[in-house]
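Printed here is protein-v2.txt (compact mmCIF, C-alpha atoms and all ligand atoms):
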```txt
# COMPACT_ATOMS: atom_id res chain seq x y z
CA MET A 20 115.84 120.76 47.65
CA GLN A 21 112.42 119.57 46.46
CA LYS A 22 109.51 120.55 48.73
CA SER A 23 107.80 117.63 50.42
CA ASN A 24 104.41 117.03 48.94
CA VAL A 25 101.72 116.56 51.60
CA ALA A 26 98.03 115.68 51.22
CA ILE A 27 95.48 116.22 53.97
CA VAL A 28 92.13 114.40 53.85
CA GLY A 29 89.42 116.50 55.54
CA ALA A 30 89.04 120.28 55.89
CA GLY A 31 87.67 120.28 59.44
CA ILE A 32 89.71 122.03 62.11
CA VAL A 33 92.04 119.03 62.49
CA GLY A 34 92.87 118.96 58.78
CA LEU A 35 93.25 122.75 58.65
CA ALA A 36 95.61 122.67 61.64
CA GLN A 37 97.71 120.03 59.90
CA ALA A 38 97.74 122.01 56.66
CA TRP A 39 98.80 125.18 58.47
CA SER A 40 101.68 123.56 60.40
CA ALA A 41 102.92 121.58 57.37
CA ALA A 42 102.83 124.56 55.01
CA GLU A 43 104.63 126.77 57.54
CA ARG A 44 107.46 124.23 57.50
CA GLY A 45 107.77 124.53 53.74
CA ALA A 46 105.64 121.60 52.56
CA LYS A 47 103.54 121.89 49.44
CA VAL A 48 100.10 121.05 50.83
CA THR A 49 96.88 119.93 49.14
CA VAL A 50 93.68 119.49 51.20
CA PHE A 51 90.94 117.17 49.91
CA GLU A 52 87.46 117.68 51.35
CA ARG A 53 84.44 115.60 50.46
CA THR A 54 81.82 118.34 50.90
CA SER A 55 81.62 121.64 49.04
CA ARG A 56 82.36 123.42 52.33
CA ALA A 57 83.14 122.11 55.82
CA SER A 58 79.98 120.96 57.58
CA GLY A 59 81.20 118.54 60.27
CA ALA A 60 81.89 118.87 63.98
CA SER A 61 84.18 121.84 63.38
CA ILE A 62 81.30 124.15 62.51
CA ARG A 63 78.80 122.71 65.00
CA ASN A 64 80.56 123.36 68.29
CA PHE A 65 80.47 126.03 71.00
CA GLY A 66 83.62 127.72 69.70
CA MET A 67 85.19 127.28 73.09
CA VAL A 68 88.96 127.04 73.12
CA TRP A 69 89.07 125.41 76.55
CA PRO A 70 92.54 124.77 78.04
CA ILE A 71 91.09 124.61 81.57
CA GLY A 72 89.40 121.29 80.68
CA GLN A 73 92.67 119.58 79.80
CA THR A 74 94.69 117.50 82.22
CA ALA A 75 97.53 119.56 83.68
CA GLY A 76 100.91 118.94 82.03
CA ILE A 77 101.39 118.11 78.36
CA HIS A 78 97.71 118.34 77.40
CA TYR A 79 97.19 121.72 79.06
CA GLU A 80 100.44 122.98 77.49
CA THR A 81 99.32 121.74 74.06
CA ALA A 82 96.05 123.61 74.51
CA LEU A 83 98.01 126.77 75.34
CA ILE A 84 100.00 126.39 72.11
CA SER A 85 96.66 126.21 70.28
CA ARG A 86 95.45 129.27 72.17
CA LYS A 87 98.45 131.27 71.04
CA ARG A 88 97.89 130.24 67.43
CA TRP A 89 94.19 131.12 67.59
CA LEU A 90 95.12 134.57 68.93
CA SER A 91 97.59 135.04 66.09
CA LEU A 92 94.76 134.36 63.62
CA GLU A 93 92.93 137.43 64.85
CA SER A 94 95.58 139.75 63.44
CA GLU A 95 96.88 137.53 60.62
CA ALA A 96 93.64 136.14 59.19
CA GLY A 97 91.13 138.67 60.54
CA LEU A 98 89.22 136.02 62.52
CA TRP A 99 87.10 137.01 65.50
CA VAL A 100 88.81 135.66 68.63
CA ASN A 101 87.55 136.74 72.04
CA PRO A 102 89.85 136.08 75.05
CA CYS A 103 86.81 135.91 77.33
CA GLY A 104 88.04 133.35 79.90
CA SER A 105 85.63 131.05 81.69
CA ILE A 106 83.83 130.60 84.99
CA HIS A 107 82.72 127.29 86.48
CA LEU A 108 79.78 128.16 88.72
CA ALA A 109 79.07 126.34 91.99
CA HIS A 110 75.48 126.21 93.18
CA HIS A 111 75.90 123.18 95.42
CA PRO A 112 78.31 122.68 98.36
CA ASP A 113 80.00 119.64 96.75
CA GLU A 114 80.65 121.68 93.58
CA TRP A 115 82.21 124.45 95.63
CA ILE A 116 84.43 121.90 97.42
CA VAL A 117 85.73 120.57 94.09
CA LEU A 118 86.48 124.08 92.84
CA GLN A 119 88.36 124.90 96.04
CA GLU A 120 90.35 121.67 95.84
CA PHE A 121 91.26 122.41 92.25
CA ALA A 122 92.25 126.03 92.96
CA GLN A 123 94.50 124.85 95.79
CA ARG A 124 96.40 122.48 93.45
CA ALA A 125 96.47 124.91 90.51
CA PRO A 126 99.76 126.76 91.32
CA GLU A 127 101.78 123.53 91.54
CA LEU A 128 100.13 122.37 88.26
CA ASN A 129 100.89 125.68 86.51
CA VAL A 130 97.21 126.20 85.76
CA ALA A 131 96.13 129.83 85.82
CA CYS A 132 92.85 130.18 87.71
CA ARG A 133 91.34 131.74 90.82
CA LEU A 134 88.28 131.43 93.01
CA LEU A 135 85.60 134.12 92.89
CA ASN A 136 82.91 134.91 95.43
CA PRO A 137 79.36 135.67 94.17
CA GLU A 138 79.97 139.41 94.14
CA GLN A 139 83.13 139.01 92.05
CA ILE A 140 81.28 136.67 89.69
CA HIS A 141 78.67 139.35 89.07
CA GLN A 142 81.42 141.78 88.14
CA HIS A 143 82.41 139.38 85.31
CA THR A 144 78.94 138.36 84.10
CA PRO A 145 75.33 139.49 84.50
CA ALA A 146 74.20 135.92 83.80
CA ALA A 147 75.11 133.94 86.92
CA ASN A 148 71.95 132.91 88.77
CA PRO A 149 72.35 134.48 92.24
CA ASN A 150 70.00 131.89 93.80
CA GLY A 151 72.19 129.52 95.78
CA LEU A 152 75.37 130.76 94.12
CA LEU A 153 78.31 129.83 96.35
CA GLY A 154 81.25 130.86 94.19
CA GLY A 155 83.08 130.13 91.00
CA LEU A 156 86.42 129.31 89.42
CA PHE A 157 87.69 131.88 86.92
CA SER A 158 90.23 130.85 84.31
CA PRO A 159 91.66 133.51 81.97
CA THR A 160 92.90 131.12 79.27
CA GLU A 161 89.67 130.32 77.39
CA LEU A 162 88.88 131.89 74.03
CA CYS A 163 85.68 132.15 72.08
CA VAL A 164 85.81 131.76 68.30
CA ASN A 165 83.02 131.47 65.76
CA PRO A 166 83.52 127.87 64.59
CA ALA A 167 81.59 128.07 61.32
CA GLU A 168 83.15 131.37 60.28
CA ALA A 169 86.67 130.31 61.31
CA THR A 170 86.52 126.88 59.67
CA ARG A 171 85.17 128.34 56.46
CA ALA A 172 87.54 131.37 56.36
CA LEU A 173 90.77 129.50 57.09
CA PRO A 174 91.01 127.74 53.70
CA ALA A 175 91.08 131.08 51.84
CA TRP A 176 93.69 132.44 54.25
CA LEU A 177 95.88 129.31 53.98
CA ALA A 178 95.60 129.41 50.20
CA ARG A 179 96.51 133.10 50.09
CA THR A 180 99.37 133.17 52.58
CA LEU A 181 100.88 129.68 52.35
CA SER A 182 99.76 128.53 48.90
CA VAL A 183 97.80 125.59 50.30
CA GLU A 184 95.65 124.08 47.58
CA PHE A 185 92.06 123.08 48.44
CA ARG A 186 90.02 120.55 46.49
CA PHE A 187 86.49 120.71 47.88
CA GLY A 188 83.85 118.25 46.69
CA THR A 189 86.48 115.50 46.42
CA THR A 190 86.17 112.27 48.38
CA ILE A 191 89.31 110.18 48.88
CA SER A 192 88.39 106.54 48.49
CA HIS A 193 91.77 104.78 48.50
CA LEU A 194 95.31 105.28 49.80
CA GLU A 195 98.25 102.99 49.15
CA THR A 196 101.97 103.17 49.90
CA LEU A 197 103.95 102.50 46.71
CA SER A 198 107.44 102.74 48.17
CA ASP A 199 108.83 103.14 51.70
CA ALA A 200 112.02 105.15 51.37
CA PRO A 201 111.44 107.76 50.28
CA ALA A 202 107.76 107.20 50.94
CA SER A 203 105.43 107.58 48.03
CA VAL A 204 101.67 107.30 48.51
CA ARG A 205 99.06 106.89 45.80
CA LEU A 206 95.82 108.71 46.58
CA ARG A 207 92.68 107.94 44.61
CA THR A 208 89.50 110.02 44.57
CA SER A 209 86.02 108.53 44.24
CA ALA A 210 85.98 110.00 40.70
CA GLY A 211 88.96 107.78 39.87
CA ASP A 212 91.64 110.52 39.70
CA GLU A 213 95.02 109.53 41.11
CA PHE A 214 97.80 111.62 42.71
CA LEU A 215 101.18 110.84 44.29
CA PHE A 216 102.27 112.35 47.61
CA ASP A 217 105.24 111.92 49.97
CA ARG A 218 102.91 111.94 52.94
CA VAL A 219 99.14 111.77 53.46
CA ILE A 220 97.41 112.70 56.71
CA VAL A 221 93.87 111.47 57.18
CA CYS A 222 91.74 113.84 59.29
CA GLY A 223 88.31 112.46 58.47
CA GLY A 224 86.60 113.27 61.78
CA ALA A 225 83.72 110.94 62.65
CA ASP A 226 84.02 109.03 59.37
CA LEU A 227 85.50 105.68 60.39
CA GLN A 228 84.23 103.79 57.35
CA THR A 229 85.79 105.24 54.21
CA LEU A 230 89.53 104.88 54.80
CA PHE A 231 91.17 102.19 56.96
CA PRO A 232 87.90 101.01 58.57
CA GLU A 233 89.67 97.92 59.98
CA VAL A 234 92.25 100.08 61.83
CA LEU A 235 89.69 102.57 63.06
CA SER A 236 87.17 99.98 64.23
CA ALA A 237 89.90 98.31 66.31
CA SER A 238 91.18 101.64 67.66
CA GLY A 239 88.80 102.03 70.58
CA ILE A 240 87.32 105.17 69.00
CA ARG A 241 83.69 105.73 69.91
CA ILE A 242 81.30 107.96 68.02
CA CYS A 243 79.53 110.55 70.13
CA LYS A 244 76.44 112.59 69.29
CA LEU A 245 75.85 115.95 70.99
CA GLN A 246 72.68 118.08 70.95
CA MET A 247 73.02 121.86 70.95
CA MET A 248 70.82 124.98 70.82
CA SER A 249 71.24 128.69 70.29
CA ILE A 250 69.45 131.92 71.11
CA ARG A 251 69.51 134.89 68.75
CA GLY A 252 71.58 137.92 69.87
CA TYR A 253 69.59 140.37 72.03
CA GLU A 254 68.74 143.76 70.59
CA THR A 255 69.98 145.40 73.79
CA GLY A 256 73.52 144.17 73.04
CA TRP A 257 73.50 142.18 76.30
CA LYS A 258 76.85 140.47 76.98
CA LEU A 259 77.36 137.09 78.64
CA GLY A 260 81.02 137.77 79.46
CA PRO A 261 83.15 134.65 80.01
CA HIS A 262 82.06 131.18 78.94
CA LEU A 263 79.95 129.73 81.76
CA ALA A 264 80.01 126.10 82.90
CA SER A 265 77.97 124.33 85.55
CA GLY A 266 78.87 122.08 88.46
CA LEU A 267 77.74 119.22 86.19
CA THR A 268 80.69 120.07 83.94
CA LEU A 269 83.13 119.20 86.72
CA ARG A 270 82.42 115.51 86.09
CA HIS A 271 82.90 115.90 82.34
CA TYR A 272 86.44 117.20 81.80
CA GLN A 273 89.53 115.26 82.88
CA ASN A 274 91.22 118.12 84.76
CA PHE A 275 88.96 117.85 87.82
CA GLN A 276 89.69 114.13 88.28
CA ILE A 277 92.48 115.11 90.70
CA CYS A 278 89.92 116.50 93.17
CA PRO A 279 88.98 114.07 95.98
CA GLY A 280 85.54 115.74 96.30
CA LEU A 281 84.57 114.81 92.74
CA LYS A 282 83.48 111.33 93.81
CA GLN A 283 80.77 112.63 96.11
CA LEU A 284 79.56 115.16 93.53
CA THR A 285 79.37 112.47 90.84
CA GLN A 286 77.50 110.14 93.19
CA ARG A 287 74.99 112.81 94.19
CA ILE A 288 74.20 113.66 90.57
CA ALA A 289 73.84 109.96 89.71
CA GLU A 290 71.35 109.50 92.57
CA GLU A 291 69.39 112.76 92.25
CA THR A 292 69.25 113.12 88.47
CA PRO A 293 70.11 109.80 86.75
CA GLU A 294 68.57 111.14 83.52
CA LEU A 295 71.55 113.50 83.19
CA ASP A 296 74.01 110.61 83.34
CA HIS A 297 71.85 108.61 80.95
CA PHE A 298 72.15 111.28 78.24
CA GLY A 299 75.64 112.47 79.25
CA ILE A 300 74.35 115.97 79.99
CA HIS A 301 76.40 118.78 81.44
CA VAL A 302 75.70 122.41 80.63
CA MET A 303 77.68 125.32 79.27
CA ALA A 304 77.01 128.63 77.55
CA SER A 305 79.07 130.82 75.24
CA GLN A 306 78.35 133.94 73.19
CA ASN A 307 79.65 134.55 69.68
CA ASN A 308 80.49 137.71 67.73
CA HIS A 309 76.85 138.11 66.63
CA GLY A 310 75.66 138.03 70.23
CA GLU A 311 74.15 134.55 69.80
CA ILE A 312 74.15 132.42 72.93
CA ILE A 313 75.26 128.84 72.26
CA LEU A 314 73.91 126.27 74.71
CA GLY A 315 74.60 122.58 75.23
CA ASP A 316 75.13 119.70 75.54
CA SER A 317 74.50 115.94 75.72
CA HIS A 318 76.63 112.88 74.89
CA GLU A 319 75.15 109.72 73.39
CA TYR A 320 77.43 106.99 72.08
CA ASP A 321 77.58 104.43 69.27
CA GLU A 322 74.46 102.25 69.17
CA ASP A 323 72.44 104.79 71.23
CA ILE A 324 72.81 107.33 68.43
CA GLU A 325 69.68 107.97 66.39
CA PRO A 326 69.30 110.36 63.46
CA PHE A 327 66.44 112.09 65.29
CA ASP A 328 67.11 114.61 68.03
CA LYS A 329 65.36 114.16 71.36
CA SER A 330 63.26 117.03 72.66
CA LEU A 331 63.64 115.51 76.13
CA ILE A 332 67.39 116.14 75.94
CA ASP A 333 66.82 119.78 74.97
CA ARG A 334 64.38 120.20 77.86
CA LEU A 335 66.87 118.70 80.34
CA ILE A 336 69.69 120.92 79.06
CA LEU A 337 67.48 124.01 79.44
CA ARG A 338 66.26 122.90 82.88
CA GLU A 339 69.85 122.58 84.13
CA LEU A 340 70.98 125.81 82.48
CA GLN A 341 68.13 127.75 84.09
CA LYS A 342 69.36 126.59 87.50
CA ILE A 343 72.70 128.28 86.96
CA ILE A 344 72.19 131.20 84.60
CA CYS A 345 69.62 133.93 83.96
CA LEU A 346 69.23 135.20 80.40
CA PRO A 347 67.10 138.14 79.19
CA ASP A 348 65.10 135.75 76.99
CA TRP A 349 65.25 131.99 76.47
CA THR A 350 63.62 131.76 73.03
CA ILE A 351 65.58 129.10 71.18
CA SER A 352 66.29 129.99 67.57
CA GLN A 353 68.21 126.90 66.43
CA HIS A 354 68.59 123.23 67.39
CA TRP A 355 71.26 120.97 65.91
CA HIS A 356 73.50 118.05 66.68
CA GLY A 357 77.08 117.14 65.90
CA LEU A 358 79.14 113.96 65.86
CA TYR A 359 82.74 113.36 66.77
CA GLY A 360 85.06 110.41 67.28
CA LYS A 361 86.58 110.04 70.71
CA HIS A 362 89.52 107.91 71.75
CA SER A 363 89.34 106.25 75.17
CA SER A 364 92.54 107.80 76.56
CA GLN A 365 94.31 110.09 74.06
CA PRO A 366 93.37 113.61 72.89
CA VAL A 367 93.83 112.35 69.31
CA PHE A 368 94.15 108.92 67.69
CA GLU A 369 97.44 108.77 65.76
CA HIS A 370 98.44 105.76 63.73
CA SER A 371 100.52 105.02 60.66
CA PRO A 372 99.04 101.99 58.84
CA SER A 373 101.87 102.03 56.27
CA PRO A 374 104.83 104.31 55.43
CA GLY A 375 103.83 107.84 54.46
CA ILE A 376 100.20 107.46 55.66
CA HIS A 377 99.10 108.86 59.03
CA LEU A 378 95.69 108.71 60.61
CA PHE A 379 95.17 111.74 62.83
CA THR A 380 91.65 111.86 64.13
CA ALA A 381 89.18 111.53 67.03
CA THR A 382 89.86 114.71 68.96
CA GLY A 383 86.65 114.17 70.94
CA GLY A 384 85.16 117.25 72.58
CA SER A 385 88.43 119.18 72.40
CA GLY A 386 89.23 119.56 68.72
CA MET A 387 88.89 123.36 68.71
CA THR A 388 91.08 123.48 71.79
CA MET A 389 93.77 121.00 70.86
CA SER A 390 94.14 120.75 67.05
CA PHE A 391 96.56 123.60 66.46
CA GLY A 392 98.85 122.50 69.32
CA LEU A 393 98.66 118.82 68.35
CA ALA A 394 99.57 119.63 64.74
CA GLU A 395 102.55 121.70 65.91
CA ARG A 396 103.78 118.78 68.04
CA PHE A 397 103.28 116.35 65.13
CA TRP A 398 105.36 118.43 62.71
CA ASN A 399 108.03 119.32 65.31
CA GLU A 400 108.54 115.61 66.01
CA ARG A 401 108.94 114.87 62.30
CA ALA A 402 111.39 117.75 61.88
CA SER A 403 113.59 116.39 64.68
CA SER A 404 113.47 112.70 63.64
C1 LIG B 1 78.30 119.80 69.33
C2 LIG B 1 79.78 119.85 69.54
C3 LIG B 1 80.33 120.79 70.42
C4 LIG B 1 81.71 120.84 70.59
N1 LIG B 1 82.25 121.87 71.32
C5 LIG B 1 83.60 122.02 71.32
C6 LIG B 1 84.18 123.17 71.91
O1 LIG B 1 83.50 124.10 72.30
N2 LIG B 1 85.54 123.21 72.01
C7 LIG B 1 86.33 122.24 71.50
O2 LIG B 1 87.55 122.31 71.66
N3 LIG B 1 85.81 121.19 70.82
C8 LIG B 1 84.47 121.07 70.71
N4 LIG B 1 83.93 120.02 70.05
C9 LIG B 1 84.81 119.07 69.40
C10 LIG B 1 85.34 119.58 68.05
O3 LIG B 1 84.32 120.23 67.35
C11 LIG B 1 85.89 118.37 67.26
O4 LIG B 1 86.88 117.70 68.04
C12 LIG B 1 86.54 118.82 65.97
O5 LIG B 1 85.72 119.72 65.28
C13 LIG B 1 86.86 117.62 65.08
O6 LIG B 1 87.43 118.12 63.91
P1 LIG B 1 87.70 117.20 62.66
O7 LIG B 1 88.41 118.04 61.67
O8 LIG B 1 88.35 115.93 63.12
O9 LIG B 1 86.26 116.74 62.17
P2 LIG B 1 85.21 117.42 61.16
O10 LIG B 1 85.00 118.84 61.47
O11 LIG B 1 84.02 116.55 61.18
O12 LIG B 1 85.94 117.36 59.78
C14 LIG B 1 86.26 116.14 59.12
C15 LIG B 1 86.16 116.41 57.64
O13 LIG B 1 86.70 115.31 56.91
C16 LIG B 1 85.93 115.15 55.74
N5 LIG B 1 86.14 113.79 55.24
C17 LIG B 1 85.98 112.64 55.93
N6 LIG B 1 86.35 111.58 55.18
C18 LIG B 1 86.74 112.09 53.98
C19 LIG B 1 87.24 111.48 52.78
N7 LIG B 1 87.38 110.17 52.68
N8 LIG B 1 87.56 112.29 51.75
C20 LIG B 1 87.42 113.64 51.85
N9 LIG B 1 86.96 114.27 52.97
C21 LIG B 1 86.63 113.49 54.02
C22 LIG B 1 84.50 115.41 56.21
O14 LIG B 1 83.64 115.75 55.14
C23 LIG B 1 84.71 116.56 57.20
O15 LIG B 1 84.54 117.84 56.61
C24 LIG B 1 82.54 119.93 69.89
C25 LIG B 1 81.98 118.99 69.03
C26 LIG B 1 80.62 118.94 68.83
C27 LIG B 1 80.05 117.95 67.87
```
So that I can check it, write out the structure of this file as structure tokens.
Amino acid sequence: MQKSNVAIVGAGIVGLAQAWSAAERGAKVTVFERTSRASGASIRNFGMVWPIGQTAGIHYETALISRKRWLSLESEAGLWVNPCGSIHLAHHPDEWIVLQEFAQRAPELNVACRLLNPEQIHQHTPAANPNGLLGGLFSPTELCVNPAEATRALPAWLARTLSVEFRFGTTISHLETLSDAPASVRLRTSAGDEFLFDRVIVCGGADLQTLFPEVLSASGIRICKLQMMSIRGYETGWKLGPHLASGLTLRHYQNFQICPGLKQLTQRIAEETPELDHFGIHVMASQNNHGEIILGDSHEYDEDIEPFDKSLIDRLILRELQKIICLPDWTISQHWHGLYGKHSSQPVFEHSPSPGIHLFTATGGSGMTMSFGLAERFWNERASS
């Protein structure tokens, strides 16, 4: 039987996840990437694989599928993957209430987590600020990966082990279905070269303009800009331990929406610190394989997005982080921002504008967490239909 011939547009984590799952099922896969090496959201993030942030049920389970696949990459592709877990820290009574409410519901939701008192927190991390610390929620499922290293190493591994072909420096400017059954899709590059594929999957990240702009502009996808910072690794080899998240984070991820106490917490933050809501700030910290501490973040949308980063946002992020964590030194070595597309209700926007063409994009703030599991679901559904 002839192998199906699949093209992926975009070599960010979403495109790489698609390439991996398709090639494992026997497809002959070609990935087209506009830049000479991936430079989008997939290399600009915290590297947090973050199942705990997903709504319990199918989304959490999908994140756990991703987790398993990330772990397999440690032995198979030699990637650095740290099963560090995470702690949400509570420094305010309403934050502690939300964590307790969540922990109480966790067993029935099949979410692995447990409450920690301040002493137990300090056994996991030297970084938690003891001032006003009431407790925390530990989850063992989070991983830390190095996003730039992983995203840039995976193409070579996919090429070597599954014969995936990569064409970097190639922009796809046009896609067109030539016949429905069997589907045949003509793909044209901006240099005018043309190729035929059975199936094309568009994973263009925050680019909503190049391919199918009319579909994407009507999709409800919003573009989000996030500001981030990092601190160079300490010479002492100091270790952060698990990823750390603040009480502010409880209002950011969907999973905590089931907690009745969230309303009061959200209201208090809106009244006390409206500037945090204005810039969509919640704070988190992770540490990569080079000891660098990655700090963030903010969320500005659509017309509020400017090319210039705001030093006010960085100051607010650091102010909030210093309330919850203590670091040996806070000298910032890098500032950057990233963009992603976010759908209003789904973890990814999936749409087939014509036979053989699939748009698979807008993984919001969870692309590192969800992409591998979402790609597995996508290809399992096609195998069974
Ligand atoms: C600052 C920040 C922090 C984040 N933190 C986390 C985190 O800790 N955990 C987590 O799970 N998620 C996190 N996310 C979200 C995650 O990074 C994204 O969901 C994910 O990287 C999106 O991947 P992507 O492949 O869709 O996009 P991208 O990485 O942007 O890749 C899209 C690629 O498509 C290419 N492309 C586009 N159009 C074309 C075309 N026409 N032809 C050829 N190539 C094309 C682009 O050049 C680009 O390389 C964060 C995001 C940001 C910005």
| Computed interatomic separation between atom C1 of ligand LIG 1 (chain B) and atom CA of A:Ala41 (Å) | 27.4 Å
| field | Selection within 7 Å of ligand LIG 1 (chain B) by all atoms listed in the file, output as a PyMOL selection string | value | chain A and resi 28-34+51-54+57-69+189-192+222-226+229-230+244-247+316+356-359+380-389
| query | Which is closest to A:Leu284 among A:Arg251, A:His111, A:Arg88, A:Arg186, if we use only C-alpha atoms? | reply |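 Going through A:Arg251, A:His111, A:Arg88, A:Arg186 one by one, the smallest distance to A:Leu284 is for A:His111.
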| request: Quote the spacing between atom CA of A:Asn136 and atom CA of A:Lys282 in Å to one decimal place. | output: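 Computing it gives 23.6 Å between the two atoms.
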| query | From the set A:Lys47, A:His107, A:Lys361, A:Arg270, which residue has the shortest atom-to-atom contact distance to A:Ile343, counting only C-alpha atoms? | reply |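 Of the candidates, the smallest distance to A:Ile343 is held by A:His107.
Nearest to A:Gln73 of all the residues A:Val204, A:Leu173, A:Val130, A:Leu267 is A:Val130, counting all atoms listed in the file.
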| Spatial neighbours of A:Gln306, max dist 10 Å, all atoms listed in the file, sep filter under 3 positions, as a ChimeraX atom specification | /A:65-67,101,103,163-165,249-252,258-263,309-314
So that I have them on file, write out the residues from the current selection with C-alpha atoms, as a PDB file, in the coordinates of the input.
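Ended up saving to selection-v1.pdb:
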```
ATOM      1  CA  PHE A  65      80.470 126.030  71.000  1.00  0.00           C
ATOM      2  CA  GLY A  66      83.620 127.720  69.700  1.00  0.00           C
ATOM      3  CA  MET A  67      85.190 127.280  73.090  1.00  0.00           C
ATOM      4  CA  ASN A 101      87.550 136.740  72.040  1.00  0.00           C
ATOM      5  CA  CYS A 103      86.810 135.910  77.330  1.00  0.00           C
ATOM      6  CA  CYS A 163      85.680 132.150  72.080  1.00  0.00           C
ATOM      7  CA  VAL A 164      85.810 131.760  68.300  1.00  0.00           C
ATOM      8  CA  ASN A 165      83.020 131.470  65.760  1.00  0.00           C
ATOM      9  CA  SER A 249      71.240 128.690  70.290  1.00  0.00           C
ATOM     10  CA  ILE A 250      69.450 131.920  71.110  1.00  0.00           C
ATOM     11  CA  ARG A 251      69.510 134.890  68.750  1.00  0.00           C
ATOM     12  CA  GLY A 252      71.580 137.920  69.870  1.00  0.00           C
ATOM     13  CA  LYS A 258      76.850 140.470  76.980  1.00  0.00           C
ATOM     14  CA  LEU A 259      77.360 137.090  78.640  1.00  0.00           C
ATOM     15  CA  GLY A 260      81.020 137.770  79.460  1.00  0.00           C
ATOM     16  CA  PRO A 261      83.150 134.650  80.010  1.00  0.00           C
ATOM     17  CA  HIS A 262      82.060 131.180  78.940  1.00  0.00           C
ATOM     18  CA  LEU A 263      79.950 129.730  81.760  1.00  0.00           C
ATOM     19  CA  HIS A 309      76.850 138.110  66.630  1.00  0.00           C
ATOM     20  CA  GLY A 310      75.660 138.030  70.230  1.00  0.00           C
ATOM     21  CA  GLU A 311      74.150 134.550  69.800  1.00  0.00           C
ATOM     22  CA  ILE A 312      74.150 132.420  72.930  1.00  0.00           C
ATOM     23  CA  ILE A 313      75.260 128.840  72.260  1.00  0.00           C
ATOM     24  CA  LEU A 314      73.910 126.270  74.710  1.00  0.00           C
TER      25      LEU A 314
END
```
| message | Given all atoms listed in the file as the basis, pick out the residue of A:His362, A:Ala82, A:His377, A:His143 nearest to A:Ala202. | response | A:His377
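From atom CA of A:Arg401 back to atom CA of A:Arg44, the distance works out to 10.6 Å.
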| task | Give the answer as one residue: which of A:Glu395, A:Glu339, A:Glu400, A:Asp199 has the shortest atom-to-atom distance to A:Ala42, using only C-alpha atoms? | result |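 Looking at the shortest contact to A:Ala42, the residue is A:Glu395.
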| request: Tell me which protein, DNA and RNA residues are within 12 Å of stretch 292-294 of chain A, counting only C-alpha atoms, leaving out same-chain ones fewer than 2 positions away, and put them as a VMD selection string. | output: chain A and resid 267 284 to 290 296 to 301 317 to 318 331 to 332 334 to 336 338 to 339
Expected file: the selected residues, C-alpha atoms, as a CSV table (one decimal), keeping the file's coordinate frame:
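Generated file (out-v2.csv):
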```
chain,number,residue,atom,x,y,z
A,267,LEU,CA,77.7,119.2,86.2
A,284,LEU,CA,79.6,115.2,93.5
A,285,THR,CA,79.4,112.5,90.8
A,286,GLN,CA,77.5,110.1,93.2
A,287,ARG,CA,75.0,112.8,94.2
A,288,ILE,CA,74.2,113.7,90.6
A,289,ALA,CA,73.8,110.0,89.7
A,290,GLU,CA,71.4,109.5,92.6
A,296,ASP,CA,74.0,110.6,83.3
A,297,HIS,CA,71.8,108.6,81.0
A,298,PHE,CA,72.2,111.3,78.2
A,299,GLY,CA,75.6,112.5,79.2
A,300,ILE,CA,74.4,116.0,80.0
A,301,HIS,CA,76.4,118.8,81.4
A,317,SER,CA,74.5,115.9,75.7
A,318,HIS,CA,76.6,112.9,74.9
A,331,LEU,CA,63.6,115.5,76.1
A,332,ILE,CA,67.4,116.1,75.9
A,334,ARG,CA,64.4,120.2,77.9
A,335,LEU,CA,66.9,118.7,80.3
A,336,ILE,CA,69.7,120.9,79.1
A,338,ARG,CA,66.3,122.9,82.9
A,339,GLU,CA,69.8,122.6,84.1
```
Listed atoms of stretch 268-278 of chain A, axis-aligned box, 6 Å per side: centre and edge lengths to one decimal in Å, as JSON?
```
{"center_x": 86.6, "center_y": 117.1, "center_z": 87.5, "size_x": 23.8, "size_y": 17.9, "size_z": 23.4}
```
| message | I'd like to know which of A:Ala96, A:Ala122, A:Leu227, A:Leu215 is closest to A:Ala172, using all atoms listed in the file. | response | A:Ala96
| Residue contacts of A:Thr196 (10 Å, only C-alpha atoms) excluding same-chain residues fewer than 6 positions away, as a VMD selection string | chain A and resid 202 to 206 215 to 219 372 to 376
Write out as a PDB file with C-alpha atoms, keeping the file's coordinate frame which residues come within 7 Å of A:Thr74 when counting all atoms listed in the file, dropping same-chain ones fewer than 3 positions away.
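Listing of result.pdb after writing:
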```pdb
ATOM      1  CA  HIS A  78      97.710 118.340  77.400  1.00  0.00           C
ATOM      2  CA  TYR A  79      97.190 121.720  79.060  1.00  0.00           C
ATOM      3  CA  GLN A 273      89.530 115.260  82.880  1.00  0.00           C
ATOM      4  CA  ASN A 274      91.220 118.120  84.760  1.00  0.00           C
TER       5      ASN A 274
END
```
Show me the residues close to (96.9, 116.1, 64.0) - anything with an atom within 7 Å, counting only C-alpha atoms - and format the list as an mmCIF file with C-alpha atoms, in the coordinates of the input.
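New file selection_26.cif:
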```cif
data_model
loop_
_atom_site.group_PDB
_atom_site.id
_atom_site.type_symbol
_atom_site.label_atom_id
_atom_site.label_comp_id
_atom_site.auth_asym_id
_atom_site.auth_seq_id
_atom_site.Cartn_x
_atom_site.Cartn_y
_atom_site.Cartn_z
ATOM 1 C CA VAL A 33 92.040 119.030 62.490
ATOM 2 C CA GLN A 37 97.710 120.030 59.900
ATOM 3 C CA PHE A 379 95.170 111.740 62.830
ATOM 4 C CA THR A 380 91.650 111.860 64.130
ATOM 5 C CA SER A 390 94.140 120.750 67.050
ATOM 6 C CA LEU A 393 98.660 118.820 68.350
ATOM 7 C CA ALA A 394 99.570 119.630 64.740
ATOM 8 C CA PHE A 397 103.280 116.350 65.130
#
```
